[in-house]
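File shown: model13.pdb (PDB, C-alpha atoms).
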ATOM      1  CA  GLN A  19      -3.231  19.251   0.314
ATOM      2  CA  VAL A  20      -3.324  15.468   0.482
ATOM      3  CA  GLN A  21      -1.548  13.792   3.385
ATOM      4  CA  LEU A  22      -0.879  10.088   3.699
ATOM      5  CA  VAL A  23       0.453   8.769   6.986
ATOM      6  CA  GLU A  24       1.597   5.159   7.296
ATOM      7  CA  SER A  25       1.918   3.238  10.530
ATOM      8  CA  GLY A  26       2.340  -0.327  11.720
ATOM      9  CA  GLY A  27       5.833  -1.152  10.557
ATOM     10  CA  GLY A  28       8.387  -2.825  12.779
ATOM     11  CA  LEU A  29      10.666  -5.781  13.349
ATOM     12  CA  VAL A  30       9.219  -9.276  13.056
ATOM     13  CA  GLN A  31      10.592 -12.786  12.732
ATOM     14  CA  ALA A  32      10.210 -14.749   9.530
ATOM     15  CA  GLY A  33       6.790 -16.344   9.391
ATOM     16  CA  GLY A  34       5.233 -13.581  11.438
ATOM     17  CA  SER A  35       2.623 -10.970  10.562
ATOM     18  CA  LEU A  36       2.241  -7.219  10.487
ATOM     19  CA  ARG A  37      -0.610  -4.918   9.560
ATOM     20  CA  LEU A  38       0.204  -1.601   7.949
ATOM     21  CA  SER A  39      -2.241   1.289   7.969
ATOM     22  CA  CYS A  40      -2.328   4.432   5.872
ATOM     23  CA  ALA A  41      -4.560   7.303   6.955
ATOM     24  CA  ALA A  42      -5.459   9.773   4.219
ATOM     25  CA  SER A  43      -6.711  13.335   4.313
ATOM     26  CA  GLY A  44      -7.131  16.208   1.919
ATOM     27  CA  ARG A  45      -9.475  14.941  -0.793
ATOM     28  CA  THR A  46     -12.419  12.565  -0.979
ATOM     29  CA  PHE A  47     -10.766   9.278  -0.111
ATOM     30  CA  SER A  48     -13.582   7.086  -1.414
ATOM     31  CA  LYS A  49     -13.062   8.374  -4.972
ATOM     32  CA  TYR A  50      -9.445   7.226  -5.290
ATOM     33  CA  ALA A  51      -7.685   3.919  -5.728
ATOM     34  CA  MET A  52      -4.827   3.294  -3.305
ATOM     35  CA  GLY A  53      -1.596   1.373  -3.595
ATOM     36  CA  TRP A  54       1.251   0.018  -1.500
ATOM     37  CA  PHE A  55       4.811   0.025  -2.771
ATOM     38  CA  ARG A  56       8.106  -0.894  -1.148
ATOM     39  CA  GLN A  57      11.759  -0.096  -1.556
ATOM     40  CA  ALA A  58      14.635  -2.164  -0.217
ATOM     41  CA  PRO A  59      18.162  -0.718   0.139
ATOM     42  CA  GLY A  60      19.864  -0.472  -3.232
ATOM     43  CA  LYS A  61      16.742  -1.485  -5.141
ATOM     44  CA  GLU A  62      14.070   0.262  -7.162
ATOM     45  CA  ARG A  63      10.692   1.028  -5.646
ATOM     46  CA  GLU A  64       8.346  -1.828  -6.518
ATOM     47  CA  PHE A  65       4.624  -2.376  -6.577
ATOM     48  CA  VAL A  66       3.144  -4.516  -3.805
ATOM     49  CA  ALA A  67      -0.652  -4.209  -3.923
ATOM     50  CA  ALA A  68      -3.459  -1.883  -4.978
ATOM     51  CA  ILE A  69      -7.174  -1.548  -4.413
ATOM     52  CA  SER A  70      -9.775   0.193  -6.542
ATOM     53  CA  TRP A  71     -11.731   3.197  -5.374
ATOM     54  CA  SER A  72     -14.721   0.973  -4.534
ATOM     55  CA  GLY A  73     -12.686  -1.780  -2.922
ATOM     56  CA  ARG A  74     -14.148  -4.354  -5.291
ATOM     57  CA  SER A  75     -10.945  -4.864  -7.259
ATOM     58  CA  THR A  76      -7.480  -5.687  -5.936
ATOM     59  CA  ASN A  77      -4.132  -6.298  -7.560
ATOM     60  CA  TYR A  78      -1.014  -7.948  -6.114
ATOM     61  CA  ALA A  79       2.594  -8.476  -7.047
ATOM     62  CA  ASP A  80       3.341 -12.144  -7.660
ATOM     63  CA  SER A  81       5.837 -12.127  -4.814
ATOM     64  CA  VAL A  82       3.142 -11.367  -2.214
ATOM     65  CA  LYS A  83       0.076 -13.129  -3.616
ATOM     66  CA  GLY A  84      -1.502 -15.421  -1.070
ATOM     67  CA  ARG A  85       0.409 -13.782   1.804
ATOM     68  CA  PHE A  86      -0.611 -10.100   1.742
ATOM     69  CA  THR A  87      -4.114  -8.634   1.701
ATOM     70  CA  ILE A  88      -5.006  -5.044   0.887
ATOM     71  CA  SER A  89      -8.264  -3.566   2.141
ATOM     72  CA  ARG A  90      -9.823  -0.175   2.737
ATOM     73  CA  ASP A  91     -12.292   1.450   5.091
ATOM     74  CA  ASN A  92     -13.762   4.475   3.354
ATOM     75  CA  ALA A  93     -15.518   5.585   6.536
ATOM     76  CA  LYS A  94     -12.117   5.890   8.220
ATOM     77  CA  ASN A  95     -10.211   7.161   5.161
ATOM     78  CA  THR A  96      -7.745   4.358   5.705
ATOM     79  CA  VAL A  97      -6.138   1.647   3.606
ATOM     80  CA  TYR A  98      -4.546  -1.438   5.156
ATOM     81  CA  LEU A  99      -1.978  -4.019   4.187
ATOM     82  CA  GLN A 100      -2.177  -7.258   6.139
ATOM     83  CA  MET A 101       1.114  -9.099   5.737
ATOM     84  CA  ASN A 102       1.311 -12.759   6.759
ATOM     85  CA  SER A 103       4.033 -15.396   6.407
ATOM     86  CA  LEU A 104       6.633 -12.682   6.175
ATOM     87  CA  LYS A 105      10.017 -13.468   4.666
ATOM     88  CA  PRO A 106      13.382 -11.715   5.040
ATOM     89  CA  GLU A 107      13.066 -10.565   1.425
ATOM     90  CA  ASP A 108       9.988  -8.544   2.423
ATOM     91  CA  THR A 109      12.282  -6.211   4.357
ATOM     92  CA  ALA A 110      11.855  -2.707   2.942
ATOM     93  CA  VAL A 111      10.374   0.711   3.509
ATOM     94  CA  TYR A 112       6.692   0.471   2.651
ATOM     95  CA  TYR A 113       4.869   3.432   1.110
ATOM     96  CA  CYS A 114       1.206   4.013   0.498
ATOM     97  CA  ALA A 115       0.132   6.111  -2.459
ATOM     98  CA  GLN A 116      -3.043   7.579  -3.914
ATOM     99  CA  GLU A 117      -3.877   7.430  -7.595
ATOM    100  CA  LYS A 118      -4.004  10.633  -9.640
ATOM    101  CA  ASP A 119      -7.409  10.109 -11.222
ATOM    102  CA  GLU A 120     -10.774   9.549  -9.624
ATOM    103  CA  TYR A 121     -12.445   6.133  -9.821
ATOM    104  CA  GLY A 122      -9.282   4.266 -10.704
ATOM    105  CA  LEU A 123      -8.815   0.532 -10.511
ATOM    106  CA  GLY A 124      -5.473   0.380  -8.702
ATOM    107  CA  TYR A 125      -2.617   0.327 -11.171
ATOM    108  CA  VAL A 126       0.849  -1.152 -10.920
ATOM    109  CA  SER A 127       2.896   1.762 -12.220
ATOM    110  CA  PRO A 128       4.088   4.383  -9.702
ATOM    111  CA  GLY A 129       3.479   6.975 -12.397
ATOM    112  CA  ASN A 130      -0.262   6.575 -11.858
ATOM    113  CA  TYR A 131       0.048   7.897  -8.291
ATOM    114  CA  ASP A 132       0.505  11.530  -7.329
ATOM    115  CA  TYR A 133       0.602  11.491  -3.535
ATOM    116  CA  TRP A 134       2.872   9.386  -1.347
ATOM    117  CA  GLY A 135       3.311   8.793   2.345
ATOM    118  CA  GLN A 136       6.610   9.116   4.172
ATOM    119  CA  GLY A 137       7.065   5.364   4.462
ATOM    120  CA  THR A 138       7.250   2.860   7.297
ATOM    121  CA  GLN A 139      10.095   0.412   7.840
ATOM    122  CA  VAL A 140       9.381  -3.307   7.843
ATOM    123  CA  THR A 141      12.240  -5.579   8.885
ATOM    124  CA  VAL A 142      11.907  -9.356   8.813
ATOM    125  CA  SER A 143      14.613 -11.324  10.594
ATOM    126  CA  SER A 144      15.528 -14.879   9.638
TER     127      SER A 144
END
Using structure tokens, write down the structure from this file.
Amino acid sequence: QVQLVESGGGLVQAGGSLRLSCAASGRTFSKYAMGWFRQAPGKEREFVAAISWSGRSTNYADSVKGRFTISRDNAKNTVYLQMNSLKPEDTAVYYCAQEKDEYGLGYVSPGNYDYWGQGTQVTVSS
């Protein structure tokens, strides 16, 4: 059984930074692309960033490009989301997810992911 456990959320002022972590267990982490999604109150879950199984390819939502960086450490079975220059509109619950298929590139659609973490709250005050 795959488990994904996020950490690192919290309350930060606009312009500040946070680093989210997602520790994975249950299947060979290095074979799977990973993604970060977020959901604000009253809104649909949206794609934030993804990284391929190898780490060589990344993908970002336009709203976070240049501010957020996704990375992975396959030795630690962990994926990270470094968030800089945070804005109040970044406030949401952030979820990490693992792609269904091995050796994926990190897709945008939530339908490509079969395991999800429980989420971590990020609140950015103005």
message = Evaluated on this file, the PyMOL selection byres ((chain A and resi 135) around 6) picks out some residues - which ones are they, written as a PyMOL selection string?
response = chain A and resi 22-23+113-114+134+136-137
Could you write those residues out with C-alpha atoms, as a compact mmCIF listing (two decimals), in the coordinates of the input?
# COMPACT_ATOMS: atom_id res chain seq x y z
CA LEU A 22 -0.88 10.09 3.70
CA VAL A 23 0.45 8.77 6.99
CA TYR A 113 4.87 3.43 1.11
CA CYS A 114 1.21 4.01 0.50
CA TRP A 134 2.87 9.39 -1.35
CA GLN A 136 6.61 9.12 4.17
CA GLY A 137 7.06 5.36 4.46
task = List every protein, DNA or RNA residue that has an atom no more than 12 Å from (-13.0, -4.3, -9.1) in the file's coordinate frame, counting only C-alpha atoms, and report them as a list in words.
result =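 Here the neighbourhood of the point contains Ala51, Ala68, Ile69, Ser70, Trp71, Ser72, Gly73, Arg74, Ser75, Thr76, Asn77, Tyr121, Gly122, Leu123, Gly124 and Tyr125 of chain A.
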Residues from last step as file, C-alpha atoms, as an mmCIF file, keeping the file's coordinate frame:
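Once everything was written out, this is out-v6.cif:
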data_model
loop_
_atom_site.group_PDB
_atom_site.id
_atom_site.type_symbol
_atom_site.label_atom_id
_atom_site.label_comp_id
_atom_site.auth_asym_id
_atom_site.auth_seq_id
_atom_site.Cartn_x
_atom_site.Cartn_y
_atom_site.Cartn_z
ATOM 1 C CA ALA A 51 -7.685 3.919 -5.728
ATOM 2 C CA ALA A 68 -3.459 -1.883 -4.978
ATOM 3 C CA ILE A 69 -7.174 -1.548 -4.413
ATOM 4 C CA SER A 70 -9.775 0.193 -6.542
ATOM 5 C CA TRP A 71 -11.731 3.197 -5.374
ATOM 6 C CA SER A 72 -14.721 0.973 -4.534
ATOM 7 C CA GLY A 73 -12.686 -1.780 -2.922
ATOM 8 C CA ARG A 74 -14.148 -4.354 -5.291
ATOM 9 C CA SER A 75 -10.945 -4.864 -7.259
ATOM 10 C CA THR A 76 -7.480 -5.687 -5.936
ATOM 11 C CA ASN A 77 -4.132 -6.298 -7.560
ATOM 12 C CA TYR A 121 -12.445 6.133 -9.821
ATOM 13 C CA GLY A 122 -9.282 4.266 -10.704
ATOM 14 C CA LEU A 123 -8.815 0.532 -10.511
ATOM 15 C CA GLY A 124 -5.473 0.380 -8.702
ATOM 16 C CA TYR A 125 -2.617 0.327 -11.171
#
request  = Point out the residue among A:Tyr131, A:Val97, A:Lys105, A:Met52 with the least atom-to-atom distance to Arg85 of chain A, counting only C-alpha atoms.
outcome  =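 Among the listed residues, the smallest separation from Arg85 of chain A belongs to A:Lys105.
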key: Ground truth for the PyMOL selection byres ((chain A and resi 46) around 12), written as a PyMOL selection string   = chain A and resi 19-21+42-45+47-51+71+92-96+116-117+119-121
ask   = Looking at all atoms listed in the file, which of A:Leu36, A:Ala41, A:Ala67, A:Gly27 is the one that sits closest to Asp91 of chain A?
value =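 Using all atoms listed in the file, Asp91 of chain A sits closest to A:Ala41.
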ask   = How many Å lie between atom CA of Asn130 of chain A and atom CA of Phe55 of chain A, rounded to one decimal?
value =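 Distance between the two atoms: 12.3 Å.
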task = Would you work out the distance separating atom CA of Lys61 of chain A from atom CA of Gly33 of chain A, expressed in Å to one decimal?
result =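 Atom-to-atom, atom CA of Lys61 of chain A to atom CA of Gly33 of chain A, that is 23.0 Å.
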inquiry  = Quick check, in Å to one decimal: how far apart do atom CA of Glu64 of chain A and atom CA of Phe86 of chain A lie?
reply    = 14.7 Å
